[in-house]
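Notes follow the structure.
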Amino acid sequence: MTKGLVNLIPPATVVAVVCFWAFAPAAILANPWTIVIVSALITLYIQGLEFVFERHAGWRMNWREFWTDLFYVVLGSTAISWVSRTLADTPLLVLKQSLGIATPWLMHWPFLAQVALVIFLIEFGQYWMHRLMHNSAPFWMTHAPHHHLTQLNAAKGYVGNPIELFLISLSVVALFDLPLTAIFCGVSVLGVVSGFAHANVRSDPPIWYSFVFTTIRHHSLHHSVPYEHTRCNYGNSLILLDRIFGTYKEGEASVVGQDERRRLSIREQWLYPFQPILARLKQRPSATTDVAAG
């Protein structure tokens, strides 16, 4: 009975978030800080569940992981968010206006249909960007730091190289005429699903949920140690896309990481994509010395 109720926590949380954005007072929904507060509360809530319904003792939160996660959560909601708006969303809005693109009929769709569209648009782009990162060496270099995580927790979806965090945040939602509330609701639902997909929570949602949405079982396998095993289950929140495009794989992993499971510091995560350049620069002085000696 208890396990059955625990398994229903992720879908129940999705329903609760949708109800909030659908029925909360307009004054609250219109406040730009609401989405920030809701996103933070979602992460804290899922993080709290890890202490009550722990899945793997090896993923247990410690202070080092906590401060790293907190750093990236703040980075994601400030700098990465600002860069995404400035370099992606704003130019898309300008392009939309210059080309006369308009979809006013979307404003008349049912609220749930609008939210579903937001979720699909964001996840469809993330799926293909994520898949590209695992199949192209330059893009993998930006994404690899995320796979050097040696444990999974609720906030781990925020952790990675800033270039990757920017690339994975790109979407075309700005091209569509949709209510801000529906966009915020879609983002919040994705936050819930992604949070649980990275969380150390002993919850295995029913098939009607896990057929569509990504769970910790799907995503832990994507984070497993052999690199070839990571080339599956790319859907950050919609595992349905993996089922459609043939990249779905069944299974689960309790041991995660890359390169003999070496944990990277924040500095190493930020410098990781530039390793080939840094290696060449380190070789230059020795090469010059050899020539002089000869």
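We label chains A, B, ... in the order they appear in the structure tokens, count residues from 1 in each chain, and number ligands from 1 in the order shown.
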
Give me the residues of segment 91-197 of chain A that have any atom at most 7 Å from an atom of segment 235-258 of chain A; for each, the nearest atom pair and the distance in Å, rounded to one decimal. Use only C-alpha atoms, sort by chain and number, and format it as JSON lines.
```
{"residue": "A:Glu123", "atom": "CA", "partner": "A:Leu238", "partner_atom": "CA", "distance": 6.6}
{"residue": "A:Tyr127", "atom": "CA", "partner": "A:Gly235", "partner_atom": "CA", "distance": 5.2}
{"residue": "A:His147", "atom": "CA", "partner": "A:Gly257", "partner_atom": "CA", "distance": 5.5}
{"residue": "A:His148", "atom": "CA", "partner": "A:Gly257", "partner_atom": "CA", "distance": 4.6}
{"residue": "A:Leu149", "atom": "CA", "partner": "A:Gly257", "partner_atom": "CA", "distance": 5.2}
{"residue": "A:Thr150", "atom": "CA", "partner": "A:Gly257", "partner_atom": "CA", "distance": 4.8}
{"residue": "A:Gln151", "atom": "CA", "partner": "A:Val256", "partner_atom": "CA", "distance": 6.3}
{"residue": "A:Leu190", "atom": "CA", "partner": "A:Ser237", "partner_atom": "CA", "distance": 6.1}
{"residue": "A:Val193", "atom": "CA", "partner": "A:Ser237", "partner_atom": "CA", "distance": 5.6}
{"residue": "A:Ser194", "atom": "CA", "partner": "A:Ser237", "partner_atom": "CA", "distance": 5.4}
```

Which residues, written as a PyMOL selection string, have at least one atom at most 10 Å from Ile42 of chain A, with only C-alpha atoms counted and residues fewer than 2 positions away on the same chain left out? chain A and resi 13+17+37-40+44-48+154-155+188-189+191-192+195-196

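Considering the residues A:Phe53, A:His143, A:Ile80, A:Gly186 and counting only C-alpha atoms, Leu117 of chain A has its shortest atom-to-atom contact with A:Gly186.
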
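Every protein, DNA or RNA residue with an atom at most 9 Å from segment 266-278 of chain A, where only C-alpha atoms count and chain neighbours fewer than 3 positions away do not, is listed here: Thr68, Pro138, Phe139, Trp140, Met141, Thr142, His143, Ala144, Pro145, His146, His148, Gly160, Asn161, Pro162, Ile163, Leu281, Lys282 and Gln283 of chain A.
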
Using the selection just defined, write its residues with all heavy atoms as a CSV table (one decimal), in the first residue's frame.
```
chain,number,residue,atom,x,y,z
A,68,THR,N,27.5,22.4,-4.6
A,68,THR,CA,27.7,22.4,-6.0
A,68,THR,C,26.3,22.5,-6.7
A,68,THR,O,26.1,23.3,-7.6
A,68,THR,CB,28.4,21.1,-6.5
A,68,THR,OG1,29.7,21.0,-5.9
A,68,THR,CG2,28.5,21.1,-8.0
A,138,PRO,N,32.4,17.5,-30.8
A,138,PRO,CA,32.5,18.8,-30.2
A,138,PRO,C,31.3,19.1,-29.2
A,138,PRO,O,31.5,19.7,-28.2
A,138,PRO,CB,32.4,19.7,-31.4
A,138,PRO,CG,32.8,18.9,-32.6
A,138,PRO,CD,32.4,17.5,-32.2
A,139,PHE,N,30.1,18.6,-29.5
A,139,PHE,CA,29.0,18.8,-28.6
A,139,PHE,C,29.1,17.9,-27.4
A,139,PHE,O,28.7,18.3,-26.3
A,139,PHE,CB,27.7,18.5,-29.4
A,139,PHE,CG,27.3,19.6,-30.3
A,139,PHE,CD1,27.7,19.5,-31.7
A,139,PHE,CD2,26.5,20.7,-29.9
A,139,PHE,CE1,27.3,20.5,-32.6
A,139,PHE,CE2,26.2,21.7,-30.8
A,139,PHE,CZ,26.6,21.6,-32.1
A,140,TRP,N,29.7,16.7,-27.6
A,140,TRP,CA,29.9,15.9,-26.4
A,140,TRP,C,30.8,16.5,-25.4
A,140,TRP,O,30.6,16.4,-24.2
A,140,TRP,CB,30.4,14.5,-26.8
A,140,TRP,CG,30.9,13.7,-25.7
A,140,TRP,CD1,32.2,13.4,-25.3
A,140,TRP,CD2,30.1,13.1,-24.7
A,140,TRP,NE1,32.2,12.6,-24.2
A,140,TRP,CE2,30.9,12.4,-23.8
A,140,TRP,CE3,28.7,13.0,-24.4
A,140,TRP,CZ2,30.5,11.7,-22.7
A,140,TRP,CZ3,28.2,12.3,-23.3
A,140,TRP,CH2,29.1,11.7,-22.5
A,141,MET,N,31.8,17.3,-25.8
A,141,MET,CA,32.7,17.9,-24.9
A,141,MET,C,32.0,18.9,-24.0
A,141,MET,O,32.5,19.2,-22.9
A,141,MET,CB,33.8,18.6,-25.7
A,141,MET,CG,34.8,17.7,-26.5
A,141,MET,SD,35.7,16.6,-25.4
A,141,MET,CE,36.9,17.7,-24.6
A,142,THR,N,30.9,19.5,-24.5
A,142,THR,CA,30.2,20.4,-23.6
A,142,THR,C,29.3,19.7,-22.7
A,142,THR,O,29.0,20.2,-21.6
A,142,THR,CB,29.3,21.4,-24.5
A,142,THR,OG1,28.2,20.7,-25.1
A,142,THR,CG2,30.2,22.1,-25.6
A,143,HIS,N,28.8,18.5,-23.1
A,143,HIS,CA,27.9,17.7,-22.3
A,143,HIS,C,28.5,16.7,-21.4
A,143,HIS,O,27.9,16.4,-20.4
A,143,HIS,CB,26.9,17.0,-23.3
A,143,HIS,CG,25.8,16.2,-22.7
A,143,HIS,ND1,24.9,16.8,-21.8
A,143,HIS,CD2,25.5,14.9,-22.8
A,143,HIS,CE1,24.1,15.9,-21.4
A,143,HIS,NE2,24.4,14.7,-21.9
A,144,ALA,N,29.7,16.3,-21.7
A,144,ALA,CA,30.4,15.3,-20.9
A,144,ALA,C,30.4,15.6,-19.4
A,144,ALA,O,30.3,14.7,-18.5
A,144,ALA,CB,31.8,15.0,-21.4
A,145,PRO,N,30.7,16.9,-19.0
A,145,PRO,CA,30.7,17.2,-17.5
A,145,PRO,C,29.4,16.7,-16.8
A,145,PRO,O,29.5,16.3,-15.6
A,145,PRO,CB,30.9,18.7,-17.5
A,145,PRO,CG,31.6,19.0,-18.7
A,145,PRO,CD,31.1,18.1,-19.7
A,146,HIS,N,28.3,16.8,-17.5
A,146,HIS,CA,27.1,16.4,-16.8
A,146,HIS,C,27.1,14.9,-16.6
A,146,HIS,O,26.5,14.4,-15.6
A,146,HIS,CB,25.9,16.7,-17.7
A,146,HIS,CG,24.5,16.4,-17.1
A,146,HIS,ND1,24.0,17.0,-16.0
A,146,HIS,CD2,23.6,15.4,-17.5
A,146,HIS,CE1,22.8,16.5,-15.7
A,146,HIS,NE2,22.6,15.5,-16.6
A,148,HIS,N,29.8,13.2,-15.8
A,148,HIS,CA,30.8,12.9,-14.8
A,148,HIS,C,30.2,12.9,-13.4
A,148,HIS,O,30.9,12.7,-12.4
A,148,HIS,CB,32.0,13.8,-14.9
A,148,HIS,CG,33.0,13.4,-15.9
A,148,HIS,ND1,32.8,13.6,-17.3
A,148,HIS,CD2,34.2,12.8,-15.8
A,148,HIS,CE1,33.9,13.2,-17.9
A,148,HIS,NE2,34.7,12.7,-17.1
A,160,GLY,N,26.2,21.2,-15.1
A,160,GLY,CA,26.9,21.0,-16.3
A,160,GLY,C,27.7,22.2,-16.8
A,160,GLY,O,27.8,23.2,-16.1
A,161,ASN,N,28.4,22.0,-17.9
A,161,ASN,CA,29.1,23.1,-18.5
A,161,ASN,C,28.2,24.2,-18.9
A,161,ASN,O,27.1,23.9,-19.5
A,161,ASN,CB,30.0,22.6,-19.6
A,161,ASN,CG,30.8,23.7,-20.3
A,161,ASN,OD1,30.3,24.4,-21.2
A,161,ASN,ND2,32.0,23.9,-19.8
A,162,PRO,N,28.5,25.5,-18.7
A,162,PRO,CA,27.6,26.6,-19.1
A,162,PRO,C,27.2,26.6,-20.6
A,162,PRO,O,26.1,27.0,-20.9
A,162,PRO,CB,28.4,27.8,-18.7
A,162,PRO,CG,29.3,27.4,-17.6
A,162,PRO,CD,29.6,26.0,-18.0
A,163,ILE,N,28.1,26.2,-21.4
A,163,ILE,CA,27.8,26.1,-22.9
A,163,ILE,C,26.7,25.1,-23.1
A,163,ILE,O,25.7,25.4,-23.8
A,163,ILE,CB,29.0,25.8,-23.7
A,163,ILE,CG1,30.1,26.8,-23.5
A,163,ILE,CG2,28.6,25.6,-25.2
A,163,ILE,CD1,31.4,26.4,-24.2
A,281,LEU,N,48.4,23.9,-25.8
A,281,LEU,CA,49.2,25.0,-25.2
A,281,LEU,C,50.2,24.5,-24.2
A,281,LEU,O,51.3,25.1,-24.1
A,281,LEU,CB,48.2,26.0,-24.5
A,281,LEU,CG,47.3,26.7,-25.4
A,281,LEU,CD1,46.3,27.6,-24.6
A,281,LEU,CD2,48.0,27.7,-26.3
A,282,LYS,N,49.9,23.4,-23.5
A,282,LYS,CA,50.9,22.9,-22.5
A,282,LYS,C,52.1,22.3,-23.2
A,282,LYS,O,53.2,22.2,-22.7
A,282,LYS,CB,50.2,21.9,-21.6
A,282,LYS,CG,49.3,22.5,-20.6
A,282,LYS,CD,48.7,21.4,-19.7
A,282,LYS,CE,47.7,22.0,-18.7
A,282,LYS,NZ,47.1,20.9,-17.9
A,283,GLN,N,51.8,21.7,-24.4
A,283,GLN,CA,52.9,21.1,-25.2
A,283,GLN,C,53.9,22.1,-25.9
A,283,GLN,O,55.0,21.7,-26.1
A,283,GLN,CB,52.3,20.1,-26.3
A,283,GLN,CG,51.6,18.9,-25.7
A,283,GLN,CD,50.8,18.1,-26.7
A,283,GLN,OE1,50.8,18.5,-27.9
A,283,GLN,NE2,50.3,17.0,-26.3
```

How many Å lie between atom CA of Ile101 of chain A and atom CA of Ser169 of chain A, rounded to one decimal? 22.3 Å

If DSSP is run on the backbone, what residues of segment 55-119 of chain A are alpha helix (DSSP H)? A reply as an MDAnalysis selection string would be ideal. chainID A and resid 63:75 81:84 90:99 111:119

Selected residues written out, N, CA, C and O atoms, as a compact mmCIF listing (two decimals), in the first residue's frame:
```txt
# COMPACT_ATOMS: atom_id res chain seq x y z
N TRP A 63 27.47 17.44 1.83
CA TRP A 63 27.59 18.90 1.74
C TRP A 63 28.28 19.35 0.46
O TRP A 63 27.93 20.38 -0.12
N ARG A 64 29.26 18.58 0.00
CA ARG A 64 29.96 18.96 -1.23
C ARG A 64 28.99 18.97 -2.41
O ARG A 64 28.98 19.90 -3.22
N GLU A 65 28.17 17.91 -2.51
CA GLU A 65 27.18 17.85 -3.58
C GLU A 65 26.13 18.94 -3.43
O GLU A 65 25.70 19.54 -4.41
N PHE A 66 25.73 19.21 -2.18
CA PHE A 66 24.70 20.21 -1.94
C PHE A 66 25.13 21.59 -2.43
O PHE A 66 24.39 22.29 -3.13
N TRP A 67 26.35 22.01 -2.08
CA TRP A 67 26.81 23.35 -2.46
C TRP A 67 27.03 23.45 -3.96
O TRP A 67 26.76 24.50 -4.56
N THR A 68 27.50 22.37 -4.57
CA THR A 68 27.66 22.37 -6.02
C THR A 68 26.30 22.50 -6.71
O THR A 68 26.13 23.30 -7.64
N ASP A 69 25.34 21.71 -6.25
CA ASP A 69 24.00 21.77 -6.83
C ASP A 69 23.38 23.15 -6.66
O ASP A 69 22.77 23.70 -7.59
N LEU A 70 23.54 23.72 -5.46
CA LEU A 70 22.97 25.04 -5.18
C LEU A 70 23.58 26.09 -6.11
O LEU A 70 22.87 26.95 -6.64
N PHE A 71 24.89 26.00 -6.32
CA PHE A 71 25.57 26.93 -7.22
C PHE A 71 24.95 26.89 -8.61
O PHE A 71 24.66 27.93 -9.22
N TYR A 72 24.69 25.68 -9.12
CA TYR A 72 24.16 25.54 -10.47
C TYR A 72 22.68 25.91 -10.55
O TYR A 72 22.22 26.42 -11.59
N VAL A 73 21.93 25.67 -9.50
CA VAL A 73 20.53 26.09 -9.49
C VAL A 73 20.44 27.61 -9.59
O VAL A 73 19.65 28.16 -10.37
N VAL A 74 21.27 28.30 -8.82
CA VAL A 74 21.29 29.77 -8.87
C VAL A 74 21.79 30.24 -10.23
O VAL A 74 21.23 31.17 -10.83
N LEU A 75 22.84 29.59 -10.75
CA LEU A 75 23.37 29.96 -12.06
C LEU A 75 22.30 29.80 -13.14
O LEU A 75 22.14 30.67 -14.01
N SER A 81 19.58 31.83 -17.58
CA SER A 81 18.26 32.32 -17.98
C SER A 81 18.38 33.63 -18.73
O SER A 81 17.72 33.84 -19.77
N TRP A 82 19.23 34.53 -18.24
CA TRP A 82 19.41 35.84 -18.89
C TRP A 82 20.02 35.68 -20.27
O TRP A 82 19.58 36.30 -21.24
N VAL A 83 21.04 34.85 -20.38
CA VAL A 83 21.70 34.63 -21.68
C VAL A 83 20.72 34.02 -22.68
O VAL A 83 20.69 34.40 -23.86
N SER A 84 19.90 33.06 -22.22
CA SER A 84 18.92 32.43 -23.11
C SER A 84 17.91 33.44 -23.63
O SER A 84 17.56 33.43 -24.81
N THR A 90 14.75 36.72 -27.37
CA THR A 90 14.55 38.06 -27.92
C THR A 90 14.77 38.09 -29.43
O THR A 90 13.93 38.65 -30.16
N PRO A 91 15.87 37.52 -29.96
CA PRO A 91 16.02 37.47 -31.42
C PRO A 91 14.89 36.73 -32.12
O PRO A 91 14.47 37.12 -33.22
N LEU A 92 14.37 35.67 -31.49
CA LEU A 92 13.25 34.94 -32.09
C LEU A 92 12.00 35.82 -32.17
O LEU A 92 11.26 35.77 -33.15
N LEU A 93 11.75 36.60 -31.12
CA LEU A 93 10.61 37.52 -31.12
C LEU A 93 10.75 38.56 -32.22
O LEU A 93 9.78 38.90 -32.90
N VAL A 94 11.97 39.09 -32.39
CA VAL A 94 12.23 40.06 -33.46
C VAL A 94 11.99 39.42 -34.82
O VAL A 94 11.36 40.02 -35.71
N LEU A 95 12.49 38.19 -35.00
CA LEU A 95 12.28 37.47 -36.26
C LEU A 95 10.80 37.23 -36.51
O LEU A 95 10.31 37.38 -37.64
N LYS A 96 10.10 36.84 -35.46
CA LYS A 96 8.66 36.58 -35.55
C LYS A 96 7.92 37.82 -36.04
O LYS A 96 7.06 37.75 -36.93
N GLN A 97 8.26 38.96 -35.48
CA GLN A 97 7.60 40.21 -35.86
C GLN A 97 7.97 40.63 -37.28
O GLN A 97 7.13 41.07 -38.06
N SER A 98 9.25 40.47 -37.63
CA SER A 98 9.70 40.89 -38.96
C SER A 98 9.09 40.04 -40.06
O SER A 98 8.83 40.52 -41.17
N LEU A 99 8.85 38.75 -39.78
CA LEU A 99 8.26 37.85 -40.77
C LEU A 99 6.74 37.83 -40.72
O LEU A 99 6.09 37.18 -41.55
N PHE A 111 -6.61 25.26 -21.91
CA PHE A 111 -5.38 25.47 -21.15
C PHE A 111 -4.46 24.25 -21.19
O PHE A 111 -3.25 24.37 -21.42
N LEU A 112 -5.02 23.05 -21.00
CA LEU A 112 -4.20 21.84 -20.99
C LEU A 112 -3.55 21.59 -22.35
O LEU A 112 -2.41 21.10 -22.42
N ALA A 113 -4.24 21.93 -23.43
CA ALA A 113 -3.66 21.77 -24.76
C ALA A 113 -2.51 22.75 -24.96
O ALA A 113 -1.49 22.40 -25.58
N GLN A 114 -2.66 23.96 -24.45
CA GLN A 114 -1.57 24.95 -24.54
C GLN A 114 -0.34 24.47 -23.76
O GLN A 114 0.79 24.56 -24.26
N VAL A 115 -0.57 23.94 -22.58
CA VAL A 115 0.54 23.44 -21.75
C VAL A 115 1.22 22.26 -22.45
O VAL A 115 2.45 22.17 -22.48
N ALA A 116 0.42 21.36 -23.02
CA ALA A 116 0.97 20.20 -23.72
C ALA A 116 1.83 20.64 -24.90
O ALA A 116 2.90 20.06 -25.16
N LEU A 117 1.40 21.69 -25.60
CA LEU A 117 2.17 22.20 -26.73
C LEU A 117 3.51 22.77 -26.26
O LEU A 117 4.55 22.52 -26.88
N VAL A 118 3.49 23.52 -25.17
CA VAL A 118 4.73 24.08 -24.61
C VAL A 118 5.69 22.95 -24.25
O VAL A 118 6.88 22.99 -24.59
N ILE A 119 5.18 21.93 -23.57
CA ILE A 119 6.01 20.79 -23.17
C ILE A 119 6.62 20.11 -24.40
O ILE A 119 7.81 19.80 -24.44
```

Considering only C-alpha atoms, return as a ChimeraX atom specification whatever protein or nucleic-acid residues lie within 12 Å of Asn7 of chain A, sequence-local ones (same chain, fewer than 2 positions apart) excluded. /A:1-5,9-13,53,196,201-210,215-216
